[in-house]
Every structure is written in structure tokens, then in C-alpha cells.
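> This one is my_file_36.cif, mmCIF, C-alpha atoms.
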```cif
data_start
#
loop_
_atom_site.label_atom_id
_atom_site.label_comp_id
_atom_site.auth_asym_id
_atom_site.auth_seq_id
_atom_site.Cartn_x
_atom_site.Cartn_y
_atom_site.Cartn_z
CA MET A 21 -65.68 53.64 -28.82
CA GLY A 22 -67.37 56.83 -29.98
CA ILE A 23 -65.97 59.36 -32.43
CA THR A 24 -65.00 61.83 -29.68
CA GLU A 25 -63.16 59.18 -27.65
CA ARG A 26 -61.35 57.91 -30.73
CA ARG A 27 -60.21 61.41 -31.68
CA GLN A 28 -58.97 62.06 -28.16
CA ARG A 29 -57.01 58.83 -28.21
CA GLU A 30 -55.53 59.67 -31.60
CA LYS A 31 -54.49 63.13 -30.35
CA HIS A 32 -52.87 61.59 -27.27
CA GLU A 33 -51.00 59.00 -29.34
CA ARG A 34 -49.82 61.63 -31.81
CA ARG A 35 -48.58 63.83 -29.00
CA ARG A 36 -46.71 60.91 -27.44
CA ALA A 37 -45.18 60.10 -30.83
CA ILE A 38 -43.92 63.67 -31.19
CA LEU A 39 -42.23 63.52 -27.78
CA SER A 40 -40.75 60.08 -28.45
CA CYS A 41 -39.37 61.06 -31.85
CA THR A 42 -37.86 64.23 -30.41
CA LYS A 43 -36.05 62.23 -27.73
CA GLU A 44 -34.62 59.91 -30.38
CA LEU A 45 -33.41 62.86 -32.44
CA ILE A 46 -31.75 64.50 -29.43
CA LEU A 47 -29.84 61.34 -28.57
CA SER A 48 -28.74 60.70 -32.15
CA ASN A 49 -28.10 64.22 -33.43
CA GLY A 50 -27.67 66.44 -30.39
CA VAL A 51 -30.29 68.84 -29.08
CA GLU A 52 -28.85 71.86 -30.93
CA ARG A 53 -29.40 70.21 -34.29
CA VAL A 54 -33.03 69.24 -33.76
CA SER A 55 -35.52 71.36 -35.66
CA MET A 56 -39.29 71.32 -35.98
CA GLU A 57 -38.79 70.05 -39.54
CA ASP A 58 -36.72 67.14 -38.23
CA ILE A 59 -39.35 66.28 -35.63
CA ALA A 60 -42.13 66.38 -38.22
CA ALA A 61 -40.19 64.12 -40.59
CA LYS A 62 -39.32 61.65 -37.83
CA ALA A 63 -42.92 61.50 -36.62
CA GLU A 64 -44.21 61.30 -40.20
CA LEU A 65 -46.39 64.34 -39.66
CA SER A 66 -46.57 67.73 -41.31
CA LYS A 67 -44.85 70.64 -39.63
CA ALA A 68 -48.25 72.35 -39.36
CA THR A 69 -49.56 69.36 -37.41
CA ILE A 70 -46.67 69.57 -34.95
CA TYR A 71 -47.57 73.21 -34.31
CA LEU A 72 -51.13 72.18 -33.42
CA TYR A 73 -49.64 70.45 -30.36
CA PHE A 74 -46.60 72.56 -29.50
CA THR A 75 -45.73 76.21 -30.15
CA GLY A 76 -42.07 75.36 -30.78
CA LYS A 77 -39.30 72.92 -30.02
CA GLU A 78 -38.56 74.59 -26.67
CA MET A 79 -42.08 73.69 -25.55
CA ILE A 80 -41.48 70.09 -26.65
CA PHE A 81 -38.18 69.99 -24.75
CA ASN A 82 -39.82 71.33 -21.58
CA GLN A 83 -42.61 68.78 -21.86
CA ILE A 84 -40.08 65.95 -22.09
CA CYS A 85 -38.58 67.12 -18.78
CA GLU A 86 -42.00 67.35 -17.14
CA GLU A 87 -42.95 63.87 -18.31
CA SER A 88 -39.72 62.49 -16.87
CA ALA A 89 -40.38 64.07 -13.46
CA LYS A 90 -43.91 62.66 -13.47
CA GLY A 91 -42.57 59.22 -14.32
CA PHE A 92 -40.12 59.34 -11.43
CA LEU A 93 -42.92 60.29 -9.03
CA ARG A 94 -45.16 57.46 -10.25
CA HIS A 95 -42.34 55.01 -9.56
CA PHE A 96 -41.14 56.50 -6.29
CA LYS A 97 -44.20 57.56 -4.27
CA PRO A 98 -45.84 54.11 -3.81
CA ILE A 99 -42.50 52.67 -2.65
CA LEU A 100 -41.89 55.53 -0.22
CA GLU A 101 -45.25 54.98 1.45
CA THR A 102 -44.15 51.51 2.60
CA CYS A 103 -40.97 52.70 4.37
CA THR A 104 -40.92 52.43 8.15
CA THR A 105 -37.84 54.59 8.85
CA GLY A 106 -36.27 57.72 7.48
CA PHE A 107 -33.14 56.00 6.25
CA GLU A 108 -35.18 53.29 4.54
CA SER A 109 -36.87 56.17 2.72
CA ILE A 110 -33.44 57.49 1.72
CA LYS A 111 -32.50 54.10 0.27
CA GLN A 112 -35.79 53.84 -1.59
CA PHE A 113 -35.34 57.36 -2.97
CA TRP A 114 -31.97 56.29 -4.33
CA ARG A 115 -33.35 53.02 -5.74
CA GLY A 116 -36.17 54.90 -7.40
CA PHE A 117 -33.65 57.22 -9.03
CA ALA A 118 -31.42 54.33 -10.14
CA ASP A 119 -34.35 52.26 -11.43
CA SER A 120 -35.76 55.21 -13.35
CA TYR A 121 -32.50 56.27 -14.99
CA GLY A 122 -29.86 53.60 -14.51
CA ASN A 123 -30.78 51.42 -17.48
CA SER A 124 -31.40 54.06 -20.11
CA GLU A 125 -30.01 57.27 -21.53
CA GLU A 126 -32.99 59.23 -20.22
CA ILE A 127 -31.06 61.23 -17.67
CA ILE A 128 -28.38 62.19 -20.20
CA LEU A 129 -31.09 63.35 -22.56
CA LEU A 130 -32.64 65.53 -19.85
CA PHE A 131 -29.38 67.29 -19.14
CA ARG A 132 -28.72 67.90 -22.81
CA ILE A 133 -32.08 69.63 -22.95
CA ARG A 134 -31.34 71.61 -19.80
CA ASN A 135 -27.98 72.80 -21.17
CA PHE A 136 -29.68 73.93 -24.35
CA LEU A 137 -32.53 75.78 -22.63
CA ASN A 138 -30.40 77.36 -19.88
CA PRO A 139 -26.80 77.54 -21.09
CA GLY A 140 -24.32 78.46 -18.39
CA GLN A 141 -26.95 78.54 -15.64
CA PRO A 142 -27.13 76.32 -12.52
CA PHE A 143 -29.43 73.36 -13.02
CA LEU A 144 -31.14 73.98 -9.72
CA SER A 145 -31.58 77.59 -8.61
CA MET A 146 -33.98 79.49 -6.37
CA GLU A 147 -35.35 81.23 -9.44
CA GLN A 148 -36.41 77.89 -10.92
CA TYR A 149 -38.23 76.77 -7.78
CA GLY A 150 -41.97 76.88 -8.32
CA LYS A 151 -41.83 76.59 -12.11
CA SER A 152 -42.50 72.84 -12.18
CA LYS A 153 -44.94 71.33 -9.70
CA PHE A 154 -43.49 67.86 -10.32
CA VAL A 155 -39.91 68.94 -9.62
CA ASP A 156 -41.12 70.83 -6.56
CA ILE A 157 -42.81 67.66 -5.27
CA ILE A 158 -39.53 65.75 -5.63
CA ILE A 159 -37.67 68.49 -3.75
CA GLU A 160 -40.23 68.56 -0.94
CA ALA A 161 -40.26 64.74 -0.71
CA LEU A 162 -36.49 64.62 -0.27
CA LYS A 163 -36.58 67.42 2.29
CA SER A 164 -39.25 65.59 4.31
CA ILE A 165 -37.11 62.43 4.27
CA ILE A 166 -34.13 64.37 5.61
CA ASP A 167 -36.34 65.87 8.34
CA ARG A 168 -37.48 62.38 9.27
CA CYS A 169 -33.90 61.16 9.56
CA LYS A 170 -33.11 64.13 11.82
CA ASN A 171 -36.10 63.38 14.05
CA GLU A 172 -35.04 59.74 14.33
CA GLY A 173 -31.56 60.75 15.45
CA ILE A 174 -29.78 59.51 12.33
CA PHE A 175 -28.78 62.90 10.91
CA ASP A 176 -27.42 65.91 12.77
CA GLU A 177 -30.44 67.81 14.15
CA SER A 178 -28.76 71.19 13.61
CA MET A 179 -28.43 70.61 9.87
CA ASP A 180 -30.54 72.81 7.60
CA SER A 181 -32.78 70.37 5.71
CA GLY A 182 -33.31 72.76 2.80
CA VAL A 183 -29.59 73.25 2.28
CA ALA A 184 -29.01 69.48 2.59
CA THR A 185 -31.67 68.80 -0.02
CA ARG A 186 -30.13 71.22 -2.49
CA LEU A 187 -26.67 69.77 -1.80
CA ILE A 188 -27.86 66.28 -2.77
CA LEU A 189 -29.63 67.50 -5.89
CA THR A 190 -26.69 69.68 -6.87
CA LEU A 191 -24.43 66.62 -6.61
CA PHE A 192 -26.66 64.68 -8.96
CA CYS A 193 -27.01 67.61 -11.33
CA SER A 194 -23.26 68.36 -11.49
CA SER A 195 -22.28 64.73 -12.06
CA VAL A 196 -24.85 64.13 -14.76
CA ASP A 197 -24.16 67.51 -16.34
CA ASN A 198 -20.52 66.49 -16.81
CA ALA A 199 -21.53 63.09 -18.15
CA SER A 200 -23.97 64.62 -20.62
CA LYS A 201 -21.08 66.35 -22.38
CA VAL A 202 -19.31 63.06 -23.13
CA PRO A 203 -20.09 61.54 -26.56
CA LEU A 204 -22.96 59.09 -26.19
CA GLU A 205 -21.02 56.09 -27.50
CA GLU A 206 -18.27 56.62 -24.89
CA LYS A 207 -20.39 56.45 -21.72
CA LYS A 208 -22.59 54.00 -19.92
CA SER A 209 -25.49 55.05 -17.72
CA LEU A 210 -24.81 52.25 -15.24
CA ALA A 211 -21.25 53.50 -14.70
CA LEU A 212 -22.63 56.99 -14.07
CA ILE A 213 -25.13 55.65 -11.55
CA GLU A 214 -22.34 53.83 -9.72
CA GLU A 215 -20.30 57.02 -9.43
CA LEU A 216 -23.33 58.91 -8.19
CA ALA A 217 -23.94 56.21 -5.57
CA LYS A 218 -20.41 56.64 -4.20
CA SER A 219 -20.77 60.41 -4.00
CA PHE A 220 -24.23 60.16 -2.46
CA GLN A 221 -22.86 57.80 0.17
CA ILE A 222 -20.14 60.27 1.16
CA ILE A 223 -22.71 63.05 1.58
CA LEU A 224 -24.96 60.87 3.75
CA HIS A 225 -22.01 60.05 6.00
CA GLY A 226 -21.43 63.79 6.36
CA PHE A 227 -25.08 64.27 7.41
CA ALA A 228 -24.80 61.61 10.13
CA LYS A 229 -25.21 62.54 13.76
CA GLU A 230 -22.04 62.31 15.84
CA GLY A 231 -21.64 58.83 17.29
CA ILE A 232 -23.75 57.08 14.64
CA ASP A 233 -22.15 53.97 13.12
CA ARG A 234 -21.69 55.18 9.56
CA SER A 235 -21.40 51.63 8.26
CA LEU A 236 -25.15 51.40 8.84
CA LEU A 237 -25.74 54.25 6.40
CA ASN A 238 -25.15 52.17 3.30
CA ILE A 239 -27.72 52.85 0.59
CA LYS A 240 -27.04 49.44 -0.97
CA ASN A 241 -27.89 47.48 2.16
CA THR A 242 -31.10 45.50 1.83
#
```
Just dump the structure as C-alpha cells.

Amino acid sequence: MGITERRQREKHERRRAILSCTKELILSNGVERVSMEDIAAKAELSKATIYLYFTGKEMIFNQICEESAKGFLRHFKPILETCTTGFESIKQFWRGFADSYGNSEEIILLFRIRNFLNPGQPFLSMEQYGKSKFVDIIIEALKSIIDRCKNEGIFDESMDSGVATRLILTLFCSSVDNASKVPLEEKKSLALIEELAKSFQIILHGFAKEGIDRSLLNIKNT
């Protein structure tokens, strides 16, 4: 490996270390208490070095959210491509979400960051659309799945797919937002995922076309 390649690898590893240490600090101390000095100490780097990679902690927080969205897409897109029906895509979307977040505190961490960066604001608003290409891809993917279910006669054809998409995402956001405010030691991600599954199931039943056997719309069916 040449000098240039080695330096690039070292820069990448240092950047990843900064993000990882920041996530640990947020979970242990709370996002409001994390400072650039804390991040530097945790990463065993100087504060000046941290500023070579990020202009401030808000930039680090935003990058953590972007990395999470990219990770979800890497997990979800290959699975979605194998689905033969719209509802199978719905189930795989849910499984991708549960697999990505159900066994860690990642989703709680993301909402703590969101509440810090945008206090008192809706998690998902029209003003935020277009600010993150990875989040936009997730939104468009879910909308296309809903359209597919409508075309296959599973969901009500008169339903507005855009509104339905935002309803589903708002459900997730509201539930996790509430959970993120509970002390970390008093909650379990798996319990949160189970509650989200129940709520998601109710919404899907509401989307169903009249006459459809709603027992078939079970996201946990194999």
C-alpha cells in the first residue's frame, strides 16, 4: 500500500472513530451534554484534529443520521428486489426496519439527535423533504410499494399514496420519539419494535381494499 492510500485509510478510520465515539457519548451522557472536547477525549484525538473533519458537533450529529439511513438502504434494497408482490415488499420493508434497529439502541440515538437539532418540530415535514437524499430514497421506496399494493388490488385504489407514506413514517417517528425520552436503562428496543409492529399492522388493515381478507395482511407471516 502506497503512502497516499495509507493516509486515506487512516483518515477514513479516524472519521469513523469520531462518529462511533460520539454515538457512545450520546447514549451514555445524553446529546445535550456532548461537547467537542468530550468527543476529542473519547476518540483520543486533539480538538483541533476533530475540527479537521467536522466544523462542529451539529455536523457530526447530522452525519450519524445520514450514515444510519445509508445503512438501512444497504440492508433493505437487495431484499426488496427479490419480492414478487407488493405486500411481500411491505413485509420486507418492515423486516429491514426491525433487523436494522430492533437489536440495538441505534434508533433511540437517532431520535435523541433529532430532538436536539430540531426541538419542538415534527420529525418529518415538507420543509425537510429534499435535504437528505438517503431519507428521500426511503420515502420514495415506501411510496412505490404502496402504489404497487394499490395496483394489485390489495390497498384501496383511491388512497393517496403520498399521504399514506407520511402516515406510516409519522407513526414510526412519534412512537420512537416518545421512547427516546425514557431513560435508557428503563427501555428495551425489542419491546419498542413489537409495539411499532402492532401499530403498523392496524394502519395496513386501514389501507386494505374493501372485501380483502385482512387476516392475510399480517406482516409477521412468512
> Evaluate the PyMOL selection byres ((chain A and resi 39) around 12) against this structure - the residues, as a PDB file with C-alpha atoms, in the frame of the given file, please.

```pdb
ATOM      1  CA  HIS A  32     -52.870  61.590 -27.270  1.00  0.00           C
ATOM      2  CA  GLU A  33     -51.000  59.000 -29.340  1.00  0.00           C
ATOM      3  CA  ARG A  34     -49.820  61.630 -31.810  1.00  0.00           C
ATOM      4  CA  ARG A  35     -48.580  63.830 -29.000  1.00  0.00           C
ATOM      5  CA  ARG A  36     -46.710  60.910 -27.440  1.00  0.00           C
ATOM      6  CA  ALA A  37     -45.180  60.100 -30.830  1.00  0.00           C
ATOM      7  CA  ILE A  38     -43.920  63.670 -31.190  1.00  0.00           C
ATOM      8  CA  SER A  40     -40.750  60.080 -28.450  1.00  0.00           C
ATOM      9  CA  CYS A  41     -39.370  61.060 -31.850  1.00  0.00           C
ATOM     10  CA  THR A  42     -37.860  64.230 -30.410  1.00  0.00           C
ATOM     11  CA  LYS A  43     -36.050  62.230 -27.730  1.00  0.00           C
ATOM     12  CA  GLU A  44     -34.620  59.910 -30.380  1.00  0.00           C
ATOM     13  CA  LEU A  45     -33.410  62.860 -32.440  1.00  0.00           C
ATOM     14  CA  ILE A  46     -31.750  64.500 -29.430  1.00  0.00           C
ATOM     15  CA  MET A  56     -39.290  71.320 -35.980  1.00  0.00           C
ATOM     16  CA  ILE A  59     -39.350  66.280 -35.630  1.00  0.00           C
ATOM     17  CA  ALA A  60     -42.130  66.380 -38.220  1.00  0.00           C
ATOM     18  CA  LYS A  62     -39.320  61.650 -37.830  1.00  0.00           C
ATOM     19  CA  ALA A  63     -42.920  61.500 -36.620  1.00  0.00           C
ATOM     20  CA  ILE A  70     -46.670  69.570 -34.950  1.00  0.00           C
ATOM     21  CA  TYR A  73     -49.640  70.450 -30.360  1.00  0.00           C
ATOM     22  CA  PHE A  74     -46.600  72.560 -29.500  1.00  0.00           C
ATOM     23  CA  LYS A  77     -39.300  72.920 -30.020  1.00  0.00           C
ATOM     24  CA  GLU A  78     -38.560  74.590 -26.670  1.00  0.00           C
ATOM     25  CA  MET A  79     -42.080  73.690 -25.550  1.00  0.00           C
ATOM     26  CA  ILE A  80     -41.480  70.090 -26.650  1.00  0.00           C
ATOM     27  CA  PHE A  81     -38.180  69.990 -24.750  1.00  0.00           C
ATOM     28  CA  ASN A  82     -39.820  71.330 -21.580  1.00  0.00           C
ATOM     29  CA  GLN A  83     -42.610  68.780 -21.860  1.00  0.00           C
ATOM     30  CA  ILE A  84     -40.080  65.950 -22.090  1.00  0.00           C
ATOM     31  CA  CYS A  85     -38.580  67.120 -18.780  1.00  0.00           C
ATOM     32  CA  GLU A  86     -42.000  67.350 -17.140  1.00  0.00           C
ATOM     33  CA  GLU A  87     -42.950  63.870 -18.310  1.00  0.00           C
ATOM     34  CA  SER A  88     -39.720  62.490 -16.870  1.00  0.00           C
TER      35      SER A  88
END
```
> Show which residues sit within 9 Å of Phe96 in chain A, as a ChimeraX atom specification. Count only C-alpha atoms, and ignore same-chain residues fewer than 6 positions away.
/A:112-113,115-117,120
> Which residue out of A:Lys111, A:Ile99, A:Val51, A:Leu224 has the minimum interatomic distance to Lys240 in chain A when all atoms listed in the file are used?
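Of A:Lys111, A:Ile99, A:Val51, A:Leu224, the one nearest Lys240 in chain A, counting all atoms listed in the file, is A:Lys111.
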> What does the distance from CA of Arg168 in chain A to CA of Gly106 in chain A come to in Å, to one decimal?
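Taking CA of Arg168 in chain A and CA of Gly106 in chain A, their separation equals 5.1 Å.
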> For a test of reading the model, state the distance in Å between CA of Ala89 in chain A and CA of Ile157 in chain A, rounded to one decimal.
9.3 Å
> Taking all atoms listed in the file into account, which of A:Glu101, A:Asp167, A:Ala217, A:Leu47 comes nearest Val183 in chain A?
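Looking at the shortest contact to Val183 in chain A, the residue is A:Asp167.
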> Leaving out range 227-234 of chain A and any residue of its chain fewer than 4 positions from it, which residues lie within 12 Å of it when counting all atoms listed in the file, given as a list in words?
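Surrounding residues, per the criterion: Phe107, Ile166, Asp167, Cys169, Lys170, Asn171, Glu172, Gly173, Ile174, Phe175, Asp176, Glu177, Ser178, Met179, Asp180, Ser181, Val183, Ala184, Thr185, Leu187, Ile188, Phe220, Gln221, Ile222, Ile223, Asn238 and Ile239 of chain A.
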> May I have the selected residues written with C-alpha atoms, as an mmCIF file, in the coordinates of the input?

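Below is the file selection34.cif, written as the result:
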```cif
data_model
loop_
_atom_site.group_PDB
_atom_site.id
_atom_site.type_symbol
_atom_site.label_atom_id
_atom_site.label_comp_id
_atom_site.auth_asym_id
_atom_site.auth_seq_id
_atom_site.Cartn_x
_atom_site.Cartn_y
_atom_site.Cartn_z
ATOM 1 C CA PHE A 107 -33.140 56.000 6.250
ATOM 2 C CA ILE A 166 -34.130 64.370 5.610
ATOM 3 C CA ASP A 167 -36.340 65.870 8.340
ATOM 4 C CA CYS A 169 -33.900 61.160 9.560
ATOM 5 C CA LYS A 170 -33.110 64.130 11.820
ATOM 6 C CA ASN A 171 -36.100 63.380 14.050
ATOM 7 C CA GLU A 172 -35.040 59.740 14.330
ATOM 8 C CA GLY A 173 -31.560 60.750 15.450
ATOM 9 C CA ILE A 174 -29.780 59.510 12.330
ATOM 10 C CA PHE A 175 -28.780 62.900 10.910
ATOM 11 C CA ASP A 176 -27.420 65.910 12.770
ATOM 12 C CA GLU A 177 -30.440 67.810 14.150
ATOM 13 C CA SER A 178 -28.760 71.190 13.610
ATOM 14 C CA MET A 179 -28.430 70.610 9.870
ATOM 15 C CA ASP A 180 -30.540 72.810 7.600
ATOM 16 C CA SER A 181 -32.780 70.370 5.710
ATOM 17 C CA VAL A 183 -29.590 73.250 2.280
ATOM 18 C CA ALA A 184 -29.010 69.480 2.590
ATOM 19 C CA THR A 185 -31.670 68.800 -0.020
ATOM 20 C CA LEU A 187 -26.670 69.770 -1.800
ATOM 21 C CA ILE A 188 -27.860 66.280 -2.770
ATOM 22 C CA PHE A 220 -24.230 60.160 -2.460
ATOM 23 C CA GLN A 221 -22.860 57.800 0.170
ATOM 24 C CA ILE A 222 -20.140 60.270 1.160
ATOM 25 C CA ILE A 223 -22.710 63.050 1.580
ATOM 26 C CA ASN A 238 -25.150 52.170 3.300
ATOM 27 C CA ILE A 239 -27.720 52.850 0.590
#
```
> For the atom pair CA of Gly50 in chain A and CA of Asp119 in chain A, what is the interatomic distance in Å to one decimal place?
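Interatomic distance, CA of Gly50 in chain A to CA of Asp119 in chain A: 24.6 Å.
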> Show me, as a list in words, the residues that have an atom within 12 Å of Ser219 in chain A when counting only C-alpha atoms, minus same-chain residues fewer than 6 positions from it.
Trp114, Leu187, Ile188, Leu189, Thr190, Leu191, Phe192, Ser194, Ser195, Leu212, Ile213, His225, Gly226, Asn238 and Ile239 of chain A
> Between A:Phe136, A:Cys103, A:Leu162, A:His95, which one has atoms that come closest to Glu52 in chain A, using all atoms listed in the file?
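Under the stated criterion, the closest residue is A:Phe136.
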